[in-house]
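Undergrad: Below is the structure I would like to discuss, written out as structure tokens.
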Amino acid sequence: MVPIKKSNLKSVLITIIILLIVNIIGNRFFHRFDLTKDKRYTLSATSLNIIEEVKEPLYIKIYLQGDLPAEFKRLQQETQQLLEEFQAYNKNIVFEFIDPLENEDTSMDNIKELYRKGLTPVNITVDDKGKQSQAMVFPWAIAVYQNKEVNIPLLKNRMGASTTEMVIGSVQHLEYSISDALHKVTTAKQKTIAVIKGNGELQDVLMAKFLLQMRESYHIGPFTLDSVAKDPTGSLNALEKYDLAIIVKPTEMFSDAEKQVLDQFIINGGKTMWLVDQVNVEMDSLYNESGSTLAFPRDLNLNDMFFKYGFRINPDIVKDEQGTPIKLATGEQGSAAQFQEFNWKFAPLVYPESTHPIVKNLGGIKFDFANPIDTLKNGIKKTILLHSTQYSKKIGAPVEVNLDIVAEETSPNHYIKTGNIPLAVLLEGSFHSMFENRVLPFKQTAFESTGKKNKMIVISDGDLIKNQLDKNFQPVELGYDQRSGNLYDNKDFMLNCVNYLLDDTGLINIRSKDLDLPLLDKEKVFENYTKTQIITIGLPLLILVLFGALFTYLRKRKYGQ
């Protein structure tokens, strides 16, 4: 008996010593193991760098709690697991799940407060064994750090996607959404953006949603070129203090002096994003008795500048069979107006095919009267980010645009070797000045003819960044079309463009992360409901019971002798 006690004591001591050693090693060396095939819970280097910047308690409130539909429970679970990864690397990150609808007495006040903060709910149709019901879900979170607060969208809305597809896309974007929010609340704004004014550019209210989004991460302000006429050197010096210049839908000609200012800003390393229309035509001008308008070329005096940089925007409009829907009144004159949805071919719906981080994993992007872009050989690297479908063609201006085109019948034979027209292009390299070996519009002692490594993005549609206004003349979400009720991915595309130009490539790479999220097929589940229950619930319980019985039997056999 005594030798057995000594042996047991020795085993206990050895076990304690091993546990102490493992504990000491675990405290000194931190590592987490991700056994998922797609490394879903392995945080990127960018996320880890952002986490390190959290020096004080950072609170995250997640409103995905309560009686949720099955898909949203999966989103809730993935959100919790990912936040646990964030918290494992930094204990200053604290999160909690809140059900805003838990208490009936305060639920309406909670909903109003969430609305006030811009957290709009999603109304979901829940299909449970053929029985449909409506559920309100708030797929949002709020991060608070040092009196700064930022909203975190957990659901990525995609036009035409089912709830399951939206949840899969949302899980793919979870790390980006959380990392981007933490980056905004923990990092002081450093990069600066100039919104160029003075040549009839788009009004601020028509791109308010984009500007407000940019303001969360960057310093942003208007920069007028009117001062170039009086003090071109001073204007250039002032513009060079910015990191990025955005030129949105100018309608008036640029003077040579203004072009020199922009040119030297680019040559000296300033990033640019051009959203330019070379054809003058607006959708609103079609809503008249004739249902038609004239589209004619717009001369901005920028062609020679663009040609030198390696591209050309042609004064044509793109007609694409894959258009976006438009609602028009139908029925005989005098009867009650009925609205019917038609395919509007002058508003191409573009689904990115490139794997570039700017456009990877994005949904449909809506254009309006876009123009074709030609790329020229000049040593600058060009990447086509967006292009029309193969069933598209160029329509030369001037031309009459008529709503009757919605009734036009076409066939693939009308689009032989006419499609895949570039609509958005990324240019990277060392640009040459358009004033190289030319007389300068104004004297510049520090003139440079060859630039540093640089990049610019050219989009042949100024309306891509344009948000619509509601009946109270308030801006609606960028990419939301009130006429059709569809939400396009214009906002995410524009944000990616700015992030890439300003070298925030780490966040873009997180956004383009691929995940494999297997979910049950609802139709098959309904067809084999009992069988599914047995496999998913009964079988694990049976295995557990068998294991318990086997363990008990072996234990009795060993110690019962």
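Just remember, in the structure tokens the first chain shown is A, the second B, etc., residues are 1-based per chain, and ligands are 1-based in the order shown.
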Return as a tab-separated table the residues of stretch 157-259 of chain A lying at most 7 Å from stretch 49-71 of chain A, together with the closest atom-to-atom pair for each and the distance in Å to one decimal, counting only C-alpha atoms, with rows in chain order and ascending residue number.
TA:
residue	atom	partner	partner_atom	distance
A:Thr164	CA	A:Glu71	CA	6.1
A:Val167	CA	A:Glu71	CA	6.6
A:Ser179	CA	A:Ile50	CA	6.9
A:Leu182	CA	A:Ile50	CA	6.9
A:His183	CA	A:Ile50	CA	6.0
A:Thr186	CA	A:Val54	CA	6.5
Undergrad: Keeping only all heavy atoms, write the selected residues to a file as a CSV table (one decimal), in the first residue's frame.
TA:
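Output saved as again.csv:
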chain,number,residue,atom,x,y,z
A,164,THR,N,-28.5,34.9,-46.8
A,164,THR,CA,-27.3,34.0,-46.6
A,164,THR,C,-26.1,34.6,-47.3
A,164,THR,O,-25.0,34.6,-46.7
A,164,THR,CB,-27.7,32.6,-47.1
A,164,THR,OG1,-28.8,32.1,-46.4
A,164,THR,CG2,-26.5,31.7,-46.9
A,167,VAL,N,-24.7,37.6,-45.5
A,167,VAL,CA,-24.0,37.2,-44.2
A,167,VAL,C,-22.6,36.7,-44.6
A,167,VAL,O,-21.6,37.0,-43.9
A,167,VAL,CB,-24.8,36.2,-43.4
A,167,VAL,CG1,-24.0,35.5,-42.3
A,167,VAL,CG2,-26.0,36.8,-42.8
A,179,SER,N,-11.2,46.5,-37.8
A,179,SER,CA,-9.9,47.1,-37.8
A,179,SER,C,-10.0,48.6,-38.3
A,179,SER,O,-9.3,49.4,-37.8
A,179,SER,CB,-8.9,46.3,-38.8
A,179,SER,OG,-8.7,45.0,-38.3
A,182,LEU,N,-11.3,50.7,-35.4
A,182,LEU,CA,-10.2,50.9,-34.4
A,182,LEU,C,-9.2,51.9,-34.9
A,182,LEU,O,-8.6,52.7,-34.1
A,182,LEU,CB,-9.6,49.6,-34.0
A,182,LEU,CG,-10.2,48.8,-32.8
A,182,LEU,CD1,-11.7,48.6,-33.0
A,182,LEU,CD2,-9.5,47.5,-32.6
A,183,HIS,N,-8.9,51.8,-36.2
A,183,HIS,CA,-7.9,52.7,-36.8
A,183,HIS,C,-8.4,54.1,-36.7
A,183,HIS,O,-7.6,55.0,-36.4
A,183,HIS,CB,-7.6,52.3,-38.2
A,183,HIS,CG,-6.6,53.1,-38.9
A,183,HIS,ND1,-5.3,53.2,-38.6
A,183,HIS,CD2,-6.8,53.9,-40.0
A,183,HIS,CE1,-4.7,54.0,-39.4
A,183,HIS,NE2,-5.5,54.5,-40.3
A,186,THR,N,-8.3,55.4,-32.9
A,186,THR,CA,-7.0,55.4,-32.2
A,186,THR,C,-5.9,56.2,-32.9
A,186,THR,O,-4.9,56.6,-32.3
A,186,THR,CB,-6.5,54.0,-32.0
A,186,THR,OG1,-6.3,53.3,-33.3
A,186,THR,CG2,-7.5,53.2,-31.2
Undergrad: As a CSV table (one decimal) with C-alpha atoms, in the first residue's frame, please: the residues near A:Glu258 (cut-off 8 Å, only C-alpha atoms, same-chain neighbours under 2 positions excluded).
TA:
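The new file result07.csv reads:
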chain,number,residue,atom,x,y,z
A,225,LEU,CA,-8.0,77.3,-58.4
A,228,VAL,CA,-4.1,80.8,-59.8
A,232,PRO,CA,0.0,80.9,-59.5
A,254,PHE,CA,-9.0,74.7,-67.2
A,255,SER,CA,-6.6,77.5,-68.0
A,256,ASP,CA,-3.0,76.6,-68.9
A,260,GLN,CA,0.6,73.8,-64.7
A,261,VAL,CA,-0.4,73.9,-61.0
A,262,LEU,CA,-2.0,70.5,-61.2
Undergrad: As a PyMOL selection string, please: all residues of stretch 272-448 of chain A that backbone DSSP puts in strand (DSSP E or B).
TA: chain A and resi 272-275+279-280+292-297+311-313+316-320+323-330+338-350+365-366+373-375+381-387+392-396+399-402+422-432
Undergrad: From the list A:Glu165, A:Glu436, A:Asp204, A:Glu400, which residue is nearest A:Gln264 when using only C-alpha atoms?
TA: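 Ranked by minimum distance to A:Gln264, first place goes to A:Glu436.
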Undergrad: Nearest to A:Glu428: which of A:Gly169, A:Gly451, A:Gly396, A:Pro357 is it, counting only C-alpha atoms?
TA: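 Answer, going by the shortest atom-to-atom distance: A:Gly451.
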Undergrad: Measure the distance from atom CA of A:Val406 to atom CA of A:Leu328 in Å and round it to one decimal.
TA: 9.7 Å
Undergrad: Can you pull out every residue within 12 Å of A:Phe311, counting only C-alpha atoms, but drop anything in the same chain fewer than 6 positions away, and send it as an MDAnalysis selection string?
TA: chainID A and resid 274 302:305 372:384 422:427 431 456:460
Undergrad: Any chance you could tabulate, as CSV, the residues of stretch 383-456 of chain A at most 9 Å from stretch 279-299 of chain A with each one's nearest atom pair and distance in Å to one decimal, using only C-alpha atoms, in chain and rising number order?
TA:
residue,atom,partner,partner_atom,distance
A:Gly396,CA,A:Phe296,CA,8.9
A:Ala397,CA,A:Phe296,CA,5.1
A:Pro398,CA,A:Phe296,CA,4.1
A:Val399,CA,A:Ala295,CA,5.3
A:Glu400,CA,A:Leu294,CA,4.5
A:Val401,CA,A:Thr293,CA,5.4
A:Asn402,CA,A:Ser292,CA,4.2
A:Leu403,CA,A:Gly291,CA,5.5
A:Asp404,CA,A:Gly291,CA,7.7
Undergrad: From the set A:Ile465, A:Ile405, A:Leu119, A:Ala181, which residue has the shortest atom-to-atom contact distance to A:Asp492, counting only C-alpha atoms?
TA: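 Checking each of A:Ile465, A:Ile405, A:Leu119, A:Ala181 against A:Asp492, counting only C-alpha atoms, the winner is A:Ile465.
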